[in-house]
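A.B. asks: My questions all concern the structure below.
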Amino acid sequence: MSAAPTPVAPADGAAIETVDLVKRYGHTVALDGLTMRVPAGEVFGFLGPNGAGKTTAVKLLLGLARPTSGQASLLGRPAGDREARRRVGYLPELFRYQAWLTGREVLAVHCRLAGLHRPAWGPQIDAALRSAGISDRAGDRVGGYSKGMQQRLGLAVALLGDPAVIFLDEPTSALDPVGRLEMRHLLHGLRARGTTIFLNSHLLTEVERVCDRVVILDHGRVVASGPLADLLSERHLRVRVTGLDRPAEEVLAAFGPVSEVDGFVELHGLDPERIPDVVTTLVAAGGRVHAVEPRQATLEERFAEAVGAPNPVADPPTPNGWATTSAGGQER
Amino acid sequence: MIAPLFDIAWLTIREAARRRLFLVLILITVASVALSGWGFSQVREALLSNADTTGGGIEAGGVTGELALTFIFAQLLILVTFMFSFILALSAVFIAAPVIAGELESGVALTILARPLGRTTYLLGKWLGIALLVCVYAALSGIVELVVVGALTGYRPPDPVFALAYLCGQALVLLTLTILLSTRLSAITAGVACLAIFGLAWIGGIIGGIGTAIGEPTVAQVGELSRLLLPTDGLWRGVVYHLQPREMLLLLDQAGPFTAAFPFVVEAPPPTSFLVWALAWFAVILGLAALSFSRREI
């Protein structure tokens with residue numbers, strides 16, 4: 001996969017904005033006051049567990065569903081506005097295309113519906129096919145495509161017309177590891193061109209590698225949001241120490257909140273420059289320091305923390321079940 | 001709105017072609033026209049041969065000779081057309097039921113409706129595509145059948161163009177109702193519901209005819225009501241009127257009101273008021289379909 005060469009000028013200000021967006025289906029609340037802002041030209045990660053309301057939000061923005069209340073805008077126009085949809089690409093989570101058409105014909109249908117000028121169809125279709133990596137199967141009927149091929153076709157459809165905003169709903173769910181790597185390169189290429197990417201994904205490591213900003217949604221509410229760098233800036237220090245003459249909490253009280261997890265002493269939000277001071281304090285209190293693990297929070301941890309799931313680091317799976325101690329670490 | 005409407009219509013027609021619908025319909029039409037043509041010629045030969053053998057001539061409905069032959073072949077043609085209209089109605093329902101509901105269920109509609117395309121344009125485009133398919137098929141196969149029957153039996157209906165137009169109208173009514181139902185129901189449910197309503201309207205028309213025949217106005221109103229709710233039965237009577245020989249009217253006049261109970265003979269064409277109502281019905285049902293679809297959560 002490689003990004004098409006035609007540049008797209010980013011829209012000024014926010015590409016997407018929602019204010020108190022609410023969507024109810026009967027008694028079920030799918031979105032409960034979603035307020036977010038996606039700056040133009042950024043890769044925006046929209047995360048959340050199953051049923052959090054992610055796909056609902058995308059459908060509201062594209063006008064496929066109507067909000068119960070609240071406001072949403074896309075490229076400066078009300079969500080669902082036809083003019084805004086001219087500049088939008090969409091790869092749905094449920095990607096299905098006309099099985100009786102060839103890949104190239106599906107793209108031609110979308111060129112027509114997107115209102116692209118006829119002379120541009122050929123170059124646009126070729127570029128989209130190349131970007132999605134399915135040029136060699138373009139003449140085959142979609143009915144004969146594998147699931148991964150269909151998802152690639154969906155990506156090609158979303159890329160047509162050099163959209164200003166692309167919504168990708170679980171875009172790598174059917175791709176193999178090579179396909180995921182190609183997708184990452186494609187997203188980097190699109191971002192370099194100034195395309196706003198709204199990435200809805202469960203694959204947190206993928207999101208971590210490409211997104212500038214994320215929102216974590218749970219039960220229709222935003223539970224964490226902000227630039228990815230800020231979300232992951234919090235640092236932890238894990239220390240395994242024995243022989244202390246007093247409880248670790250008391251010894252390290254001056255360094256901030258301290259907790260004991262699985263035999264490790266954990267310090268949250270510690271400035272890395274103070275790590276030697278921590279070790280010195282522990283030794284002065286009679287401690288024998290076996291391991292010191294300075295680490296940055298991962299998106300997976302922040303996600304688990306935000307949605308109230310078990311901490312992925314505290315409870316790593318083992319062949320024999322769920323371990324209670326952390327693995328790794330170096331002894332100083 | 002116009003260009004995308006034709007785009008969707010063309011896409012619908014292409015889908016039918018790619019799914020080999022044309023091929024199957026052509027094969028079935030050729031087979032049925034050949035079979036009915038053979039049947040007509042056999043009946044003609046048998047009647048003439050029987051008349052020669054017995055020396056009693058041909059008699060039907062109190063008339064004899066060539067006119068009797070005309071009545072017999074007109075009735076046979078109407079019976080064949082009835083079967084054809086049934087196939088056409090089923091085809092319209094089966095093609096229409098999945099075009100919207102199926103695309104919504106499968107997810108194909110998601111990316112299409114995310115394009116700068118109005119929901120009404122999408123719906124009308126689908127309707128137009130199937131309407132063209134159904135009408136072109138009805139016209140071509142109807143013309144072939146009438147030409148073959150005319151060549152083999154010598155019977156030519158007085159107004160075949162009107163008959164075919166009413167036939168198309170009947171199929172379009174079912175197509176439109178199916179489209180409306182499929183904006184809210186699954187493809188299977190919409191198709192089954194539409195066929196059930198079609199059957200009920202047909203029975204309603206028969207009951208109404210019986211009411212007229214026995215002079216029971218309340219029962220006769222059942223037929224009127226069913227024709228208003230679903231104009232298929234009224235349009236079918238238009239088909240019959242334009243396929244039967246004009247001499248039949250004299251015969252029906254003499255026979256009295258009891259003939260109203262039979263759906264294969266008609267005394268008068270559908271009145272203008274009914275045709276106006278049928279057009280209004282189309283507008284209302286299509287409007288409801290567009291409204292329902294535009295408010296549908298995808």
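Order determines the names: the first chain of the structure tokens is A, the second B, and so forth; residues in each chain are numbered 1 upward, and ligands are numbered 1 upward as they are shown.
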Find the nearest atom pair between each residue of chain A and chain B for residues within 10 Å, count only C-alpha atoms, give distances in Å to one decimal, sort rows by chain and ascending number, and present the table as JSON lines.

C.D. replies:
```
{"residue": "A:Tyr25", "atom": "CA", "partner": "B:Glu297", "partner_atom": "CA", "distance": 9.8}
{"residue": "A:Thr56", "atom": "CA", "partner": "B:Ile298", "partner_atom": "CA", "distance": 9.8}
{"residue": "A:Lys59", "atom": "CA", "partner": "B:Ile298", "partner_atom": "CA", "distance": 7.8}
{"residue": "A:Leu60", "atom": "CA", "partner": "B:Glu297", "partner_atom": "CA", "distance": 9.5}
{"residue": "A:Leu61", "atom": "CA", "partner": "B:Ala114", "partner_atom": "CA", "distance": 9.8}
{"residue": "A:Leu62", "atom": "CA", "partner": "B:Ala114", "partner_atom": "CA", "distance": 6.0}
{"residue": "A:Gly63", "atom": "CA", "partner": "B:Ala114", "partner_atom": "CA", "distance": 7.3}
{"residue": "A:Leu64", "atom": "CA", "partner": "B:Ile298", "partner_atom": "CA", "distance": 5.3}
{"residue": "A:Ala65", "atom": "CA", "partner": "B:Glu297", "partner_atom": "CA", "distance": 4.7}
{"residue": "A:Arg66", "atom": "CA", "partner": "B:Glu297", "partner_atom": "CA", "distance": 7.0}
{"residue": "A:Gly80", "atom": "CA", "partner": "B:Ala114", "partner_atom": "CA", "distance": 8.2}
{"residue": "A:Asp81", "atom": "CA", "partner": "B:Pro116", "partner_atom": "CA", "distance": 8.1}
{"residue": "A:Arg82", "atom": "CA", "partner": "B:Pro116", "partner_atom": "CA", "distance": 4.7}
{"residue": "A:Glu83", "atom": "CA", "partner": "B:Pro116", "partner_atom": "CA", "distance": 6.7}
{"residue": "A:Ala84", "atom": "CA", "partner": "B:Pro116", "partner_atom": "CA", "distance": 8.0}
{"residue": "A:Arg85", "atom": "CA", "partner": "B:Pro116", "partner_atom": "CA", "distance": 5.3}
{"residue": "A:Arg86", "atom": "CA", "partner": "B:Pro116", "partner_atom": "CA", "distance": 5.5}
{"residue": "A:Arg87", "atom": "CA", "partner": "B:Pro116", "partner_atom": "CA", "distance": 9.0}
{"residue": "A:Val88", "atom": "CA", "partner": "B:Arg115", "partner_atom": "CA", "distance": 7.9}
{"residue": "A:Gly89", "atom": "CA", "partner": "B:Ala114", "partner_atom": "CA", "distance": 8.3}
{"residue": "A:Tyr90", "atom": "CA", "partner": "B:Thr111", "partner_atom": "CA", "distance": 6.5}
{"residue": "A:Leu91", "atom": "CA", "partner": "B:Thr111", "partner_atom": "CA", "distance": 7.3}
{"residue": "A:Pro92", "atom": "CA", "partner": "B:Leu110", "partner_atom": "CA", "distance": 7.2}
{"residue": "A:Glu93", "atom": "CA", "partner": "B:Gly107", "partner_atom": "CA", "distance": 9.3}
{"residue": "A:Leu94", "atom": "CA", "partner": "B:Gly107", "partner_atom": "CA", "distance": 6.0}
{"residue": "A:Phe95", "atom": "CA", "partner": "B:Gly107", "partner_atom": "CA", "distance": 6.5}
{"residue": "A:Arg96", "atom": "CA", "partner": "B:Val108", "partner_atom": "CA", "distance": 5.0}
{"residue": "A:Tyr97", "atom": "CA", "partner": "B:Val108", "partner_atom": "CA", "distance": 5.2}
{"residue": "A:Gln98", "atom": "CA", "partner": "B:Val108", "partner_atom": "CA", "distance": 6.7}
{"residue": "A:Ala99", "atom": "CA", "partner": "B:Val108", "partner_atom": "CA", "distance": 9.5}
{"residue": "A:Trp100", "atom": "CA", "partner": "B:Arg18", "partner_atom": "CA", "distance": 6.3}
{"residue": "A:Leu101", "atom": "CA", "partner": "B:Arg18", "partner_atom": "CA", "distance": 8.1}
{"residue": "A:Val109", "atom": "CA", "partner": "B:Leu11", "partner_atom": "CA", "distance": 8.2}
{"residue": "A:His110", "atom": "CA", "partner": "B:Ile112", "partner_atom": "CA", "distance": 7.3}
{"residue": "A:Cys111", "atom": "CA", "partner": "B:Arg115", "partner_atom": "CA", "distance": 9.7}
{"residue": "A:Arg112", "atom": "CA", "partner": "B:Asp7", "partner_atom": "CA", "distance": 7.8}
{"residue": "A:Leu113", "atom": "CA", "partner": "B:Arg115", "partner_atom": "CA", "distance": 6.3}
{"residue": "A:Ala114", "atom": "CA", "partner": "B:Arg115", "partner_atom": "CA", "distance": 5.7}
{"residue": "A:Gly115", "atom": "CA", "partner": "B:Pro116", "partner_atom": "CA", "distance": 7.9}
{"residue": "A:Gly154", "atom": "CA", "partner": "B:Thr111", "partner_atom": "CA", "distance": 8.7}
{"residue": "A:Val157", "atom": "CA", "partner": "B:Thr111", "partner_atom": "CA", "distance": 8.4}
{"residue": "A:Ala158", "atom": "CA", "partner": "B:Thr111", "partner_atom": "CA", "distance": 8.6}
```

A.B. asks: Any chance you can output those residues with C-alpha atoms as a CSV table (one decimal), in the first residue's frame?

C.D. replies:
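Saved result, part27.csv, follows:
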```csv
chain,number,residue,atom,x,y,z
A,25,TYR,CA,-32.1,3.6,20.4
A,56,THR,CA,-22.7,5.0,16.0
A,59,LYS,CA,-22.8,7.0,11.3
A,60,LEU,CA,-24.0,10.2,12.9
A,61,LEU,CA,-21.2,12.2,11.4
A,62,LEU,CA,-21.9,10.7,7.9
A,63,GLY,CA,-25.6,11.3,8.1
A,64,LEU,CA,-26.4,7.5,8.1
A,65,ALA,CA,-28.2,8.0,11.5
A,66,ARG,CA,-29.7,11.0,13.1
A,80,GLY,CA,-24.6,14.4,7.1
A,81,ASP,CA,-24.5,17.5,4.8
A,82,ARG,CA,-24.2,16.4,1.2
A,83,GLU,CA,-21.4,18.9,0.3
A,84,ALA,CA,-19.3,17.7,3.2
A,85,ARG,CA,-19.8,14.1,2.1
A,86,ARG,CA,-18.2,15.0,-1.3
A,87,ARG,CA,-14.9,15.3,0.5
A,88,VAL,CA,-15.2,12.2,2.7
A,89,GLY,CA,-14.0,8.6,2.3
A,90,TYR,CA,-15.5,5.8,4.4
A,91,LEU,CA,-14.4,2.3,5.1
A,92,PRO,CA,-17.2,0.8,7.3
A,93,GLU,CA,-16.6,-2.0,9.8
A,94,LEU,CA,-19.1,-4.1,7.9
A,95,PHE,CA,-17.4,-3.8,4.5
A,96,ARG,CA,-19.5,-5.3,1.7
A,97,TYR,CA,-19.4,-4.4,-2.0
A,98,GLN,CA,-21.4,-5.5,-5.0
A,99,ALA,CA,-20.3,-9.1,-5.5
A,100,TRP,CA,-21.4,-9.1,-9.1
A,101,LEU,CA,-19.1,-6.2,-10.1
A,109,VAL,CA,-19.6,3.3,-9.4
A,110,HIS,CA,-18.2,5.3,-6.4
A,111,CYS,CA,-16.4,7.7,-8.7
A,112,ARG,CA,-19.8,8.4,-10.3
A,113,LEU,CA,-21.6,8.7,-7.0
A,114,ALA,CA,-18.9,10.9,-5.6
A,115,GLY,CA,-19.4,13.3,-8.5
A,154,GLY,CA,-13.1,-0.9,0.8
A,157,VAL,CA,-13.2,3.1,-2.3
A,158,ALA,CA,-12.5,5.3,0.7
```

A.B. asks: Give me every strand (DSSP E) residue in stretch 211-293 of chain A, going by DSSP on the backbone, as a ChimeraX atom specification.

C.D. replies: /A:213-218,221-227,235-242,258-261,264-268,288-293

A.B. asks: Which residues come within 8 Å of A:Ala128, counting only C-alpha atoms, excluding same-chain residues fewer than 5 positions away, as a ChimeraX atom specification?

C.D. replies: /A:4,156-157,159-160

A.B. asks: Using only C-alpha atoms, which residues sit within 7 Å of stretch 170-175 of chain A once same-chain residues fewer than 5 positions away are excluded, as a list in words?

C.D. replies: Leu91, Glu93, Lys147, Gly148, Gln151, Arg180, Asn200, Ser201 and His202 of chain A

A.B. asks: Using only C-alpha atoms, can you tell me which of A:Ala164, A:Leu232, A:Leu282, A:Leu217 comes closest to A:Phe255?

C.D. replies: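 For A:Phe255, the nearest of the given residues is A:Leu282.
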
A.B. asks: Skipping near chain neighbours, those fewer than 3 positions away, what residues fall within 12 Å of B:Pro271 using only C-alpha atoms, listed as a PyMOL selection string?

C.D. replies: chain B and resi 234-235+237-238+241+267-268+274-278

A.B. asks: Within 10 Å of A:Ala52, counting only C-alpha atoms, which residues qualify if same-chain residues fewer than 6 places away don't, as a list in words?

C.D. replies: Val29, Ala30, Leu31, Asp32, Ile216, Leu217, Asp218, His219, Gly220, Arg221, Val222 and Val307 of chain A

A.B. asks: Any chance you could list, as a VMD selection string, the residues in stretch 77-157 of chain A that come up alpha helix (DSSP H) when DSSP is run on the backbone?

C.D. replies: chain A and resid 82 to 85 103 to 113 118 to 132 147 to 157

A.B. asks: Kindly indicate which residue among B:Asn50, B:Thr259, B:Ser186, B:Ser91 lies nearest to B:Gly209, using only C-alpha atoms for the distances.

C.D. replies: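 Closest to B:Gly209, using only C-alpha atoms: B:Thr259.
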